[in-house]
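Engineer: Sending over a structure as structure tokens; questions will come in a sec.
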Amino acid sequence: MKSILKLGYKLLVNDRAKFTALLMGIIFAVFLIMFITSMFFGVLNHASATVINIGATIWVMDPTVETVANSVGMPDYVLDAVRSMHGVKYAVPLYSGAALVKLADGTYQAVTVIGLDDTSLLGRPALIEGKIQDIYAQSGFIVVRDAEFSKLENPHIGSEFELNDNRAVIVGVAEVATSGLYGIPTLYTTYQRAVEYIPNPRFTISYVLVEPKSATDITQIKQQVERLGYRALTKNEFMERTANFFIYQTGGGTNMLIMTLISFMVGLSISGQTFYTFILENLERFGALKAIGIKSRDLVGMILFQATFTAITGYGLGVGFCVLLIWLAKLRLPSYAAMLTYTNLVIGFVMVAIIAGISSYFGIRRVLQIEPFDIFRG
Amino acid sequence: MPQVAIKAQGLVKWFGEGEARTDALRNVDLETYFGEMLYIVGPSGSGKTTLLSVLSGVLKPNSGTVLVENVDIWNLDEDGRADFRLNKIGFVFQDFHLFPRLTTAENAAIPLILKKNDWNESLKEANNYLEVVGLKDRAELPPVKLSGGEQQRVAIARAMVSKPDILIMDEPTASLDGDTGNAILAFVHKNVLNPNRCIVVVTHDERIYEFASRILHMADGRLSTEEKTTAEKGAPEKITAEKSVVEKSTPEKSTA
């Protein structure tokens with residue numbers, strides 16, 4: 001069989017024009033599919049940035065909350081009630097809101113402010129400059145050094161600015177796993193300072209962060225929170241809820257699906273048609289092989305090998321080009337929201353497998369239809 | 001007595017149904033022998049290509065039997081017939097059917113590759129046969145770089161590389177000029193035909209009749225009772241049905 005596969009390989013790659021066209025079709029489709037899905041997954045990832053960066057096990061929230069950025073304040077008793085629930089090891093409040101920073105040149109810059117529990121500082125970012133205890137200093141804020149950092153005029157420890165008409169001092173510089181979606185800088189401070197500096201409605205707790213005593217307590221905690229009239233989600237569930245909002249309620253998912261299908265159709269039509277033409281051009285010779293004595297299953301195996309080889313090569317190159325472009329884009333645009341995940345890779349691979357399967361199906365059907373007698377008949 | 005290579009009895013083959021039915025073979029009986037070069041000649045549409053296809057296990061007859069070395073090939077399953085063709089029969093097609101993207105040597109090696117032999121060993125064996133047909137120095141060229149006569153010699157090397165007992169040649173000179181066609185058949189007669197091999201040639205090229213051991217004339221799906229055989233030189237002479245061509249002209253199959 002190895003020799004027959006080598007024969008198939010030579011028939012395929014020696015026809016350079018067709019092989020190139022086949023590869024281009026697959027590469028183009030893979031590139032577009034991967035690029036579109038990686039952009040979308042990147043956006044989803046950035047949308048859950050706060051959930052990822054804080055990293056709490058369970059998030060308690062108002063039931064109407066769809067994304068982490070759109071919190072609904074909860075009364076203080078919710079925190080007390082959660083703390084008293086069975087299975088809760090500890091629970092702390094978290095503030096998440098937006099504020100305006102007045103820069104030295106007089107312009108304003110919107111920022112996201114995260115208020116950490118004053119006692120535990122649960123969810124604090126990793127500092128690259130400064131000391132975490134300085135967050136308790138008067139007007140102390142920690143700035144995140146991410147792609148949006150420069151929008152605050154590259155502050156350093158000791159930099160001062162006005163935040164909602166209050167004095168704010170940078171006491172530390174941190175780094176986080178994921179930047180936010182909305183392209184604005186992030187500041188961390190204590191919960192009390194956050195609610196003090198930023199005008200709020202009556203209820204100020206955005207989320208209650210809960211650590212269960214054990215993983216088996218999570219279900220029980222969720223049920224108790226639900227009885228209280230609120231919702232408790234694990235970190236992954238909250239990320240999924242945020243993603244679902246963008247997929248199903250913003251039109252983003254539909255757009256991505258349409259673009260992915262278009263890319264698939266383009267790839268399928270280019271590769272499918274080229275592969276079918278390749279088969280048609282060699283049809284008489286395949287007939288001659290049948291007359292000489294190749295078995296149908298060997299012939300099918302050879303064609304499947306050709307399709308698989310083209311698909312895998314095209315897939316690899318398509319992914320490679322996609323990675324290269326994302327890498328180049330991130331060199332210029334650090335906040336570029338594109339992210340390759342195993343899911344992207346699997347989606348791309350499944351699409352390519354379908355393209356290869358459909359292309360080879362029609363080729364195989366045509367080859368199996370040809371009678372060796374047709375070769376004699378001319 | 002020469003050994004029988006192919007024995008066909010009562011072959012009937014038709015195409016289409018009802019008013020569109022065309023009878024291609026009408027109760028054809030035929031025996032071919034090892035050591036002979038049998039020509040089947042006749043006008044277009046007489047059924048000679050159909051007969052060739054049925055004899056070689058490519059086209060199933062509506063009725064009748066084909067015994068090749070005493071094996072009823074139409075009782076074999078599809079894979080069995082494919083194996084039979086691969087191991088017992090060499091084909092030389094009218095239009096050569098060489099793969100333009102493969103080298104001459106790779107084209108010649110195809111039957112061995114289909115037998116799943118090692119690639120390099122297959123090429124080595126194919127090169128030996130290319131040497132026999134005088135094309136060793138063209139082994140690495142693609143067929144499109146070769147003349148028509150050279151391509152036909154590659155096709156002959158491809159047919160011979162698996163050492164078949166029976167060689168089927170379908171209009172081998174149709175795509176060649178007269179001199180080249182003559183040279184090809186002379187080469188086959190001299191170098192390919194041997195007492196252990198039977199060669200069946202379908203042709204209507206009278207210029208190559210001189211190489212035939214026997215000539216069977218076909219018309220309207222029937223083999224005529226009139227057979228022709230080669231004279232020592234020149235045009236074939238007519239012989240009567242009573243005169244045993246085989247006894248006269250076919251060498252006995254070697255027992256070696």
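The chains in the structure tokens are called A, B, ... from first to last as shown; in each chain the residues are counted from 1, and the ligands are counted from 1 in the order shown.
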Show me, as JSON, numbers by chain, the residues of chain B whose atoms get within 10 Å of chain A, using only C-alpha atoms for the distance check.
Structural biologist: {"B": [49, 50, 52, 53, 54, 56, 57, 58, 59, 60, 78, 79, 80, 81, 82, 83, 84, 85, 86, 87, 88, 89, 90, 91, 92, 93, 94, 95, 96, 97, 98, 99, 100, 101, 102, 103, 106, 107, 110, 111, 112, 113, 114, 115, 116, 117, 118, 119, 120, 122, 158, 159, 169, 170, 171]}
Engineer: Can you pull out every residue within 10 Å of range 41-43 of chain B, counting only C-alpha atoms, but drop anything in the same chain fewer than 3 positions away, and send it as JSON, numbers by chain?
Structural biologist: {"B": [38, 46, 47, 48, 49, 171, 201, 202, 203, 204, 205, 206, 209, 215, 216, 217, 218, 219, 220, 221, 223, 224]}
Engineer: Just the selected residues (N, CA, C and O atoms), exported as a compact mmCIF listing (two decimals), in the first residue's frame, please.
Structural biologist:
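Dumped everything to part.txt:
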# COMPACT_ATOMS: atom_id res chain seq x y z
N LEU B 38 -1.42 -13.82 -32.03
CA LEU B 38 -2.72 -13.93 -32.70
C LEU B 38 -3.25 -12.54 -33.01
O LEU B 38 -3.32 -11.68 -32.13
N SER B 46 -16.90 -4.24 -35.55
CA SER B 46 -17.08 -5.68 -35.78
C SER B 46 -17.09 -6.47 -34.47
O SER B 46 -17.48 -7.63 -34.46
N GLY B 47 -16.62 -5.85 -33.38
CA GLY B 47 -16.66 -6.53 -32.08
C GLY B 47 -15.31 -6.99 -31.58
O GLY B 47 -15.22 -7.63 -30.53
N LYS B 48 -14.24 -6.61 -32.28
CA LYS B 48 -12.93 -7.13 -31.88
C LYS B 48 -12.45 -6.55 -30.55
O LYS B 48 -11.87 -7.27 -29.73
N THR B 49 -12.71 -5.27 -30.30
CA THR B 49 -12.31 -4.69 -29.02
C THR B 49 -13.15 -5.28 -27.88
O THR B 49 -12.64 -5.52 -26.79
N GLU B 171 -4.96 -2.15 -30.89
CA GLU B 171 -4.57 -1.20 -31.94
C GLU B 171 -3.22 -0.56 -31.62
O GLU B 171 -3.12 0.67 -31.49
N VAL B 201 -3.38 -9.48 -30.54
CA VAL B 201 -3.32 -8.12 -31.08
C VAL B 201 -4.62 -7.83 -31.82
O VAL B 201 -5.02 -8.62 -32.69
N VAL B 202 -5.26 -6.75 -31.46
CA VAL B 202 -6.40 -6.28 -32.25
C VAL B 202 -5.90 -5.16 -33.14
O VAL B 202 -5.27 -4.21 -32.66
N THR B 203 -6.13 -5.28 -34.41
CA THR B 203 -5.64 -4.24 -35.32
C THR B 203 -6.42 -4.27 -36.62
O THR B 203 -7.10 -5.25 -36.93
N HIS B 204 -6.37 -3.18 -37.35
CA HIS B 204 -6.80 -3.26 -38.75
C HIS B 204 -5.71 -2.64 -39.63
O HIS B 204 -5.97 -2.18 -40.72
N ASP B 205 -4.49 -2.67 -39.07
CA ASP B 205 -3.34 -2.14 -39.81
C ASP B 205 -2.69 -3.28 -40.58
O ASP B 205 -1.94 -4.09 -40.03
N GLU B 206 -2.95 -3.35 -41.88
CA GLU B 206 -2.47 -4.47 -42.68
C GLU B 206 -0.95 -4.51 -42.79
O GLU B 206 -0.36 -5.54 -43.09
N TYR B 209 0.66 -7.17 -40.57
CA TYR B 209 0.17 -8.55 -40.62
C TYR B 209 1.32 -9.55 -40.67
O TYR B 209 1.17 -10.70 -40.27
N ILE B 215 -4.19 -15.08 -37.98
CA ILE B 215 -5.04 -13.90 -38.11
C ILE B 215 -6.50 -14.38 -38.16
O ILE B 215 -6.85 -15.22 -39.00
N LEU B 216 -7.28 -13.87 -37.21
CA LEU B 216 -8.71 -14.19 -37.23
C LEU B 216 -9.47 -12.96 -37.68
O LEU B 216 -9.24 -11.86 -37.16
N HIS B 217 -10.33 -13.15 -38.60
CA HIS B 217 -11.10 -12.03 -39.13
C HIS B 217 -12.44 -11.97 -38.40
O HIS B 217 -13.09 -12.98 -38.21
N MET B 218 -12.80 -10.80 -38.01
CA MET B 218 -14.04 -10.63 -37.27
C MET B 218 -14.98 -9.70 -38.02
O MET B 218 -14.55 -8.66 -38.54
N ALA B 219 -16.21 -10.07 -38.07
CA ALA B 219 -17.21 -9.22 -38.71
C ALA B 219 -18.56 -9.45 -38.06
O ALA B 219 -18.93 -10.60 -37.80
N ASP B 220 -19.22 -8.36 -37.77
CA ASP B 220 -20.59 -8.42 -37.23
C ASP B 220 -20.70 -9.32 -35.99
O ASP B 220 -21.64 -10.10 -35.86
N GLY B 221 -19.70 -9.25 -35.14
CA GLY B 221 -19.75 -9.99 -33.88
C GLY B 221 -19.39 -11.46 -34.00
O GLY B 221 -19.55 -12.21 -33.03
N LEU B 223 -16.50 -14.44 -35.39
CA LEU B 223 -15.19 -14.74 -35.97
C LEU B 223 -15.44 -15.54 -37.24
O LEU B 223 -16.18 -16.51 -37.22
N SER B 224 -14.84 -15.08 -38.32
CA SER B 224 -15.08 -15.78 -39.59
C SER B 224 -14.38 -17.12 -39.57
O SER B 224 -13.40 -17.34 -38.84
Engineer: Please provide as a PyMOL selection string all residues within 12 Å of Leu257 in chain A, with the sequence filter that same-chain residues fewer than 3 positions apart are discarded (counting only C-alpha atoms).
Structural biologist: chain A and resi 32-33+36-37+40+247-248+251-254+260-264+347
Engineer: By how many Å are CA of Asp117 in chain A and CA of Ala69 in chain A apart?
Structural biologist: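 CA of Asp117 in chain A sits 18.1 Å away from CA of Ala69 in chain A.
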Engineer: Set the distance at 12 Å and use only C-alpha atoms: which residues neighbour Gly87 in chain A once local chain neighbours fewer than 3 positions away are removed? I'd like the list as a PyMOL selection string.
Structural biologist: chain A and resi 58+82-84+90-91+210-225
Engineer: To one decimal place, how far is CA of Ala110 in chain A from CA of His46 in chain A in Å?
Structural biologist: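 That distance, rounded to one decimal, is 17.2 Å.
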Engineer: So that I can see what lies close to Arg365 in chain A, please list as a list in words the residues with an atom at most 12 Å from it, counting only C-alpha atoms and leaving out residues fewer than 4 positions away in the same chain.
Structural biologist: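 So, after excluding close chain neighbours, the residues are Tyr276, Ile279, Leu280, Leu283, Ser296, Leu299, Val300, Ile303, Leu304, Gly357, Ile358, Ser359, Ser360, Tyr361, Gln369 and Ile370 of chain A.
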Engineer: Write to file, as a compact mmCIF listing (two decimals), in the first residue's frame, the residues of the selection just made, with all heavy atoms.
Structural biologist:
# COMPACT_ATOMS: atom_id res chain seq x y z
N TYR A 276 -11.75 17.86 -8.31
CA TYR A 276 -12.58 17.13 -9.26
C TYR A 276 -11.99 17.23 -10.67
O TYR A 276 -11.97 16.25 -11.41
CB TYR A 276 -14.01 17.69 -9.22
CG TYR A 276 -15.00 16.83 -9.95
CD1 TYR A 276 -15.25 15.53 -9.53
CD2 TYR A 276 -15.69 17.32 -11.05
CE1 TYR A 276 -16.17 14.74 -10.20
CE2 TYR A 276 -16.60 16.53 -11.73
CZ TYR A 276 -16.84 15.24 -11.30
OH TYR A 276 -17.74 14.46 -11.97
N ILE A 279 -9.16 14.90 -10.94
CA ILE A 279 -9.64 13.52 -11.15
C ILE A 279 -10.08 13.34 -12.59
O ILE A 279 -9.72 12.36 -13.25
CB ILE A 279 -10.81 13.20 -10.19
CG1 ILE A 279 -10.34 13.21 -8.73
CG2 ILE A 279 -11.45 11.86 -10.53
CD1 ILE A 279 -9.42 12.10 -8.34
N LEU A 280 -10.85 14.32 -13.11
CA LEU A 280 -11.36 14.19 -14.48
C LEU A 280 -10.22 14.12 -15.49
O LEU A 280 -10.28 13.33 -16.43
CB LEU A 280 -12.26 15.39 -14.81
CG LEU A 280 -13.67 15.39 -14.22
CD1 LEU A 280 -14.47 16.57 -14.77
CD2 LEU A 280 -14.40 14.09 -14.53
N LEU A 283 -8.83 10.76 -15.47
CA LEU A 283 -9.84 9.71 -15.42
C LEU A 283 -9.48 8.51 -16.30
O LEU A 283 -9.58 7.35 -15.87
CB LEU A 283 -11.19 10.29 -15.86
CG LEU A 283 -12.42 9.52 -15.42
CD1 LEU A 283 -12.45 9.36 -13.91
CD2 LEU A 283 -13.68 10.23 -15.91
N SER A 296 -10.39 -1.70 -6.52
CA SER A 296 -11.16 -0.47 -6.26
C SER A 296 -10.79 0.14 -4.92
O SER A 296 -10.65 1.35 -4.79
CB SER A 296 -12.66 -0.77 -6.29
OG SER A 296 -13.04 -1.09 -7.60
N LEU A 299 -7.61 2.02 -5.17
CA LEU A 299 -7.81 3.27 -5.90
C LEU A 299 -8.48 4.31 -4.99
O LEU A 299 -8.07 5.47 -4.95
CB LEU A 299 -8.69 2.99 -7.13
CG LEU A 299 -8.71 4.04 -8.24
CD1 LEU A 299 -7.31 4.39 -8.70
CD2 LEU A 299 -9.53 3.52 -9.41
N VAL A 300 -9.49 3.87 -4.25
CA VAL A 300 -10.17 4.77 -3.31
C VAL A 300 -9.18 5.24 -2.24
O VAL A 300 -9.12 6.43 -1.90
CB VAL A 300 -11.38 4.06 -2.65
CG1 VAL A 300 -11.92 4.89 -1.49
CG2 VAL A 300 -12.47 3.80 -3.68
N ILE A 303 -6.93 7.94 -3.66
CA ILE A 303 -7.60 9.25 -3.80
C ILE A 303 -7.83 9.88 -2.42
O ILE A 303 -7.63 11.08 -2.24
CB ILE A 303 -8.92 9.09 -4.58
CG1 ILE A 303 -8.61 8.70 -6.02
CG2 ILE A 303 -9.74 10.37 -4.55
CD1 ILE A 303 -9.81 8.28 -6.83
N LEU A 304 -8.22 9.06 -1.46
CA LEU A 304 -8.41 9.59 -0.10
C LEU A 304 -7.09 10.11 0.46
O LEU A 304 -7.05 11.14 1.13
CB LEU A 304 -8.97 8.50 0.82
CG LEU A 304 -10.46 8.22 0.69
CD1 LEU A 304 -10.86 7.07 1.62
CD2 LEU A 304 -11.29 9.45 1.02
N GLY A 357 -13.43 15.72 2.44
CA GLY A 357 -14.36 14.59 2.29
C GLY A 357 -15.28 14.78 1.10
O GLY A 357 -15.44 13.86 0.28
N ILE A 358 -15.85 15.98 0.97
CA ILE A 358 -16.78 16.23 -0.14
C ILE A 358 -16.03 16.18 -1.47
O ILE A 358 -16.49 15.57 -2.44
CB ILE A 358 -17.48 17.60 0.05
CG1 ILE A 358 -18.42 17.54 1.26
CG2 ILE A 358 -18.26 17.98 -1.20
CD1 ILE A 358 -19.06 18.86 1.62
N SER A 359 -14.83 16.81 -1.50
CA SER A 359 -14.04 16.82 -2.75
C SER A 359 -13.71 15.39 -3.18
O SER A 359 -13.88 15.03 -4.35
CB SER A 359 -12.73 17.59 -2.55
OG SER A 359 -12.99 18.88 -2.08
N SER A 360 -13.24 14.60 -2.23
CA SER A 360 -12.83 13.24 -2.61
C SER A 360 -14.03 12.37 -2.92
O SER A 360 -13.96 11.49 -3.77
CB SER A 360 -11.95 12.61 -1.53
OG SER A 360 -12.57 12.70 -0.28
N TYR A 361 -15.17 12.65 -2.26
CA TYR A 361 -16.37 11.83 -2.52
C TYR A 361 -16.75 11.89 -4.01
O TYR A 361 -16.97 10.86 -4.64
CB TYR A 361 -17.53 12.32 -1.65
CG TYR A 361 -18.86 11.74 -2.06
CD1 TYR A 361 -19.18 10.42 -1.78
CD2 TYR A 361 -19.79 12.51 -2.78
CE1 TYR A 361 -20.39 9.87 -2.18
CE2 TYR A 361 -21.00 11.97 -3.18
CZ TYR A 361 -21.30 10.66 -2.88
OH TYR A 361 -22.49 10.13 -3.30
N GLN A 369 -17.04 4.96 -11.25
CA GLN A 369 -18.01 4.78 -12.33
C GLN A 369 -17.34 4.37 -13.64
O GLN A 369 -17.95 3.70 -14.47
CB GLN A 369 -18.79 6.08 -12.57
CG GLN A 369 -19.95 6.27 -11.60
CD GLN A 369 -20.56 7.65 -11.72
OE1 GLN A 369 -20.01 8.52 -12.39
NE2 GLN A 369 -21.68 7.84 -11.06
N ILE A 370 -16.08 4.78 -13.81
CA ILE A 370 -15.44 4.50 -15.10
C ILE A 370 -15.16 3.00 -15.23
O ILE A 370 -14.71 2.34 -14.30
CB ILE A 370 -14.14 5.32 -15.30
CG1 ILE A 370 -13.66 5.13 -16.73
CG2 ILE A 370 -13.07 4.94 -14.32
CD1 ILE A 370 -12.58 6.10 -17.14
Engineer: One decimal, in Å: what's the spacing between CA of Lys13 in chain B and CA of Leu51 in chain B?
Structural biologist: 8.7 Å
Engineer: Check the smallest atom-to-atom distance from each of A:Leu324, A:Ala311, A:Ala98, A:Leu79 to Met351 in chain A using only C-alpha atoms, then report the winner.
Structural biologist: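 Of A:Leu324, A:Ala311, A:Ala98, A:Leu79, the one nearest Met351 in chain A is A:Ala311, counting only C-alpha atoms.
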Engineer: Mind checking which residues fall within 9 Å of Phe238 in chain A, counting only C-alpha atoms, ignoring those fewer than 5 positions away in the same chain, and posting them as a PyMOL selection string?
Structural biologist: chain A and resi 48+51+58-59+66-68+232-233+243
Engineer: Write out, as a PDB file, in the first residue's frame, the residues just selected, with all heavy atoms.
Structural biologist:
ATOM      1  N   SER A  48     -14.461  38.636  29.212  1.00  0.00           N
ATOM      2  CA  SER A  48     -14.470  38.008  30.547  1.00  0.00           C
ATOM      3  C   SER A  48     -13.205  38.339  31.332  1.00  0.00           C
ATOM      4  O   SER A  48     -12.857  37.629  32.279  1.00  0.00           O
ATOM      5  CB  SER A  48     -14.599  36.489  30.397  1.00  0.00           C
ATOM      6  OG  SER A  48     -15.852  36.149  29.863  1.00  0.00           O
ATOM      7  N   VAL A  51     -13.376  38.483  35.168  1.00  0.00           N
ATOM      8  CA  VAL A  51     -13.597  37.158  35.775  1.00  0.00           C
ATOM      9  C   VAL A  51     -12.287  36.373  35.790  1.00  0.00           C
ATOM     10  O   VAL A  51     -11.939  35.726  36.787  1.00  0.00           O
ATOM     11  CB  VAL A  51     -14.679  36.379  34.989  1.00  0.00           C
ATOM     12  CG1 VAL A  51     -14.970  35.044  35.659  1.00  0.00           C
ATOM     13  CG2 VAL A  51     -15.939  37.192  34.850  1.00  0.00           C
ATOM     14  N   ILE A  58     -16.477  31.231  42.927  1.00  0.00           N
ATOM     15  CA  ILE A  58     -17.915  31.441  42.710  1.00  0.00           C
ATOM     16  C   ILE A  58     -18.205  32.943  42.734  1.00  0.00           C
ATOM     17  O   ILE A  58     -17.647  33.683  43.554  1.00  0.00           O
ATOM     18  CB  ILE A  58     -18.754  30.743  43.802  1.00  0.00           C
ATOM     19  CG1 ILE A  58     -18.546  29.218  43.738  1.00  0.00           C
ATOM     20  CG2 ILE A  58     -20.236  31.079  43.657  1.00  0.00           C
ATOM     21  CD1 ILE A  58     -19.253  28.468  44.862  1.00  0.00           C
ATOM     22  N   TRP A  59     -19.064  33.347  41.802  1.00  0.00           N
ATOM     23  CA  TRP A  59     -19.473  34.743  41.713  1.00  0.00           C
ATOM     24  C   TRP A  59     -20.973  34.816  41.991  1.00  0.00           C
ATOM     25  O   TRP A  59     -21.760  34.170  41.309  1.00  0.00           O
ATOM     26  CB  TRP A  59     -19.189  35.306  40.316  1.00  0.00           C
ATOM     27  CG  TRP A  59     -17.733  35.409  39.980  1.00  0.00           C
ATOM     28  CD1 TRP A  59     -16.844  34.385  39.874  1.00  0.00           C
ATOM     29  CD2 TRP A  59     -17.010  36.604  39.721  1.00  0.00           C
ATOM     30  NE1 TRP A  59     -15.598  34.862  39.554  1.00  0.00           N
ATOM     31  CE2 TRP A  59     -15.662  36.230  39.443  1.00  0.00           C
ATOM     32  CE3 TRP A  59     -17.343  37.956  39.680  1.00  0.00           C
ATOM     33  CZ2 TRP A  59     -14.678  37.154  39.148  1.00  0.00           C
ATOM     34  CZ3 TRP A  59     -16.346  38.884  39.360  1.00  0.00           C
ATOM     35  CH2 TRP A  59     -15.028  38.480  39.107  1.00  0.00           C
ATOM     36  N   GLU A  66     -25.777  39.954  32.695  1.00  0.00           N
ATOM     37  CA  GLU A  66     -25.457  39.151  31.504  1.00  0.00           C
ATOM     38  C   GLU A  66     -23.961  39.059  31.270  1.00  0.00           C
ATOM     39  O   GLU A  66     -23.455  38.048  30.786  1.00  0.00           O
ATOM     40  CB  GLU A  66     -26.100  39.785  30.259  1.00  0.00           C
ATOM     41  CG  GLU A  66     -27.613  39.826  30.295  1.00  0.00           C
ATOM     42  CD  GLU A  66     -28.254  38.489  29.990  1.00  0.00           C
ATOM     43  OE1 GLU A  66     -27.533  37.503  29.769  1.00  0.00           O
ATOM     44  OE2 GLU A  66     -29.500  38.434  29.991  1.00  0.00           O
ATOM     45  N   THR A  67     -23.265  40.174  31.585  1.00  0.00           N
ATOM     46  CA  THR A  67     -21.810  40.170  31.403  1.00  0.00           C
ATOM     47  C   THR A  67     -21.173  40.772  32.641  1.00  0.00           C
ATOM     48  O   THR A  67     -21.815  41.545  33.362  1.00  0.00           O
ATOM     49  CB  THR A  67     -21.372  41.003  30.172  1.00  0.00           C
ATOM     50  OG1 THR A  67     -21.495  42.378  30.500  1.00  0.00           O
ATOM     51  CG2 THR A  67     -22.204  40.691  28.946  1.00  0.00           C
ATOM     52  N   VAL A  68     -19.918  40.463  32.841  1.00  0.00           N
ATOM     53  CA  VAL A  68     -19.233  40.934  34.040  1.00  0.00           C
ATOM     54  C   VAL A  68     -19.138  42.458  34.074  1.00  0.00           C
ATOM     55  O   VAL A  68     -19.086  43.079  35.130  1.00  0.00           O
ATOM     56  CB  VAL A  68     -17.844  40.267  34.149  1.00  0.00           C
ATOM     57  CG1 VAL A  68     -16.923  40.736  33.041  1.00  0.00           C
ATOM     58  CG2 VAL A  68     -17.223  40.529  35.505  1.00  0.00           C
ATOM     59  N   ALA A 232     -25.655  32.404  41.579  1.00  0.00           N
ATOM     60  CA  ALA A 232     -24.239  32.086  41.827  1.00  0.00           C
ATOM     61  C   ALA A 232     -23.713  31.263  40.657  1.00  0.00           C
ATOM     62  O   ALA A 232     -24.319  30.271  40.267  1.00  0.00           O
ATOM     63  CB  ALA A 232     -24.120  31.291  43.129  1.00  0.00           C
ATOM     64  N   LEU A 233     -22.618  31.727  40.099  1.00  0.00           N
ATOM     65  CA  LEU A 233     -22.008  31.017  38.963  1.00  0.00           C
ATOM     66  C   LEU A 233     -20.541  30.743  39.261  1.00  0.00           C
ATOM     67  O   LEU A 233     -19.872  31.566  39.896  1.00  0.00           O
ATOM     68  CB  LEU A 233     -22.094  31.874  37.690  1.00  0.00           C
ATOM     69  CG  LEU A 233     -23.494  32.219  37.156  1.00  0.00           C
ATOM     70  CD1 LEU A 233     -23.364  33.165  35.966  1.00  0.00           C
ATOM     71  CD2 LEU A 233     -24.245  30.956  36.738  1.00  0.00           C
ATOM     72  N   ALA A 243     -19.945  34.962  27.353  1.00  0.00           N
ATOM     73  CA  ALA A 243     -19.751  34.600  25.946  1.00  0.00           C
ATOM     74  C   ALA A 243     -21.096  34.430  25.247  1.00  0.00           C
ATOM     75  O   ALA A 243     -21.285  34.913  24.118  1.00  0.00           O
ATOM     76  CB  ALA A 243     -18.939  33.308  25.851  1.00  0.00           C
TER      77      ALA A 243
END
Engineer: Please run DSSP on the backbone and report, as an NGL selection string, all residues within range 43-245 of chain A that come out as helix (DSSP H, G or I).
Structural biologist: :A and (43-47 or 49-54 or 76-83 or 132-136 or 149-152 or 191-197 or 215-228 or 235-245)
Engineer: Restricted to C-alpha atoms, what would the selected residues look like written as a CSV table (one decimal), in the first residue's frame?
Structural biologist:
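Once everything was written out, this is part.csv:
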chain,number,residue,atom,x,y,z
A,43,VAL,CA,-13.3,39.2,21.9
A,44,LEU,CA,-15.0,36.7,24.2
A,45,ASN,CA,-11.9,36.2,26.2
A,46,HIS,CA,-11.4,40.0,26.7
A,47,ALA,CA,-15.1,40.3,27.6
A,49,ALA,CA,-11.2,39.7,31.5
A,50,THR,CA,-12.4,40.7,35.0
A,51,VAL,CA,-13.6,37.2,35.8
A,52,ILE,CA,-10.3,35.7,34.6
A,53,ASN,CA,-8.1,38.2,36.4
A,54,ILE,CA,-10.0,38.1,39.7
A,76,ASP,CA,-25.1,44.5,51.9
A,77,TYR,CA,-27.3,41.8,53.4
A,78,VAL,CA,-26.5,39.6,50.4
A,79,LEU,CA,-22.9,39.5,51.5
A,80,ASP,CA,-23.9,38.6,55.1
A,81,ALA,CA,-26.4,36.0,53.9
A,82,VAL,CA,-23.8,34.3,51.7
A,83,ARG,CA,-21.2,34.3,54.4
A,132,ILE,CA,0.4,45.7,47.7
A,133,GLN,CA,0.0,47.2,51.2
A,134,ASP,CA,0.4,50.6,49.6
A,135,ILE,CA,-3.1,50.2,48.2
A,136,TYR,CA,-4.3,51.2,51.7
A,149,PHE,CA,-1.7,51.7,29.9
A,150,SER,CA,-0.4,54.5,27.7
A,151,LYS,CA,-3.9,56.1,27.7
A,152,LEU,CA,-3.1,57.3,31.2
A,191,TYR,CA,-13.7,48.4,47.9
A,192,GLN,CA,-14.3,51.2,50.4
A,193,ARG,CA,-12.3,53.7,48.3
A,194,ALA,CA,-14.0,52.7,45.2
A,195,VAL,CA,-17.5,53.2,46.5
A,196,GLU,CA,-16.4,56.4,48.1
A,197,TYR,CA,-14.9,57.9,44.9
A,215,ALA,CA,-15.8,21.6,45.3
A,216,THR,CA,-18.7,19.4,46.4
A,217,ASP,CA,-20.2,22.4,48.2
A,218,ILE,CA,-20.6,24.5,45.0
A,219,THR,CA,-24.0,23.0,44.0
A,220,GLN,CA,-25.3,23.5,47.5
A,221,ILE,CA,-24.1,27.1,47.6
A,222,LYS,CA,-25.7,27.8,44.2
A,223,GLN,CA,-29.0,26.5,45.4
A,224,GLN,CA,-28.9,28.6,48.6
A,225,VAL,CA,-28.1,31.7,46.6
A,226,GLU,CA,-30.9,31.0,44.2
A,227,ARG,CA,-33.3,30.7,47.2
A,228,LEU,CA,-32.1,34.1,48.2
A,235,LYS,CA,-15.8,31.2,37.1
A,236,ASN,CA,-16.3,29.1,34.0
A,237,GLU,CA,-20.1,29.4,34.1
A,238,PHE,CA,-19.8,33.2,34.3
A,239,MET,CA,-17.4,33.3,31.4
A,240,GLU,CA,-19.8,31.1,29.4
A,241,ARG,CA,-22.7,33.4,30.3
A,242,THR,CA,-20.7,36.4,29.2
A,243,ALA,CA,-19.8,34.6,25.9
A,244,ASN,CA,-23.3,33.6,25.3
A,245,PHE,CA,-24.4,37.2,25.6
Engineer: List the spatial neighbours of Ala174 in chain A as a CSV table (one decimal) with C-alpha atoms, in the first residue's frame - criterion: any atom at most 10 Å away, only C-alpha atoms, same-chain residues fewer than 4 positions off excluded.
Structural biologist:
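Done, and the output landed in around-v7.csv:
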chain,number,residue,atom,x,y,z
A,124,ARG,CA,-5.5,41.4,43.6
A,125,PRO,CA,-3.3,41.5,40.5
A,126,ALA,CA,0.3,40.5,40.4
A,127,LEU,CA,2.4,43.6,41.0
A,128,ILE,CA,5.5,44.4,38.9
A,129,GLU,CA,6.2,47.6,40.7
A,130,GLY,CA,5.3,48.7,44.2
A,132,ILE,CA,0.4,45.7,47.7
A,142,ILE,CA,-2.8,50.3,41.3
A,143,VAL,CA,-2.7,50.7,37.6
A,144,VAL,CA,-2.6,47.7,35.2
A,145,ARG,CA,0.2,47.8,32.6
A,146,ASP,CA,-1.6,46.4,29.5
A,186,THR,CA,-7.9,49.4,34.6
A,187,LEU,CA,-7.3,50.7,38.1
A,188,TYR,CA,-7.5,48.6,41.3
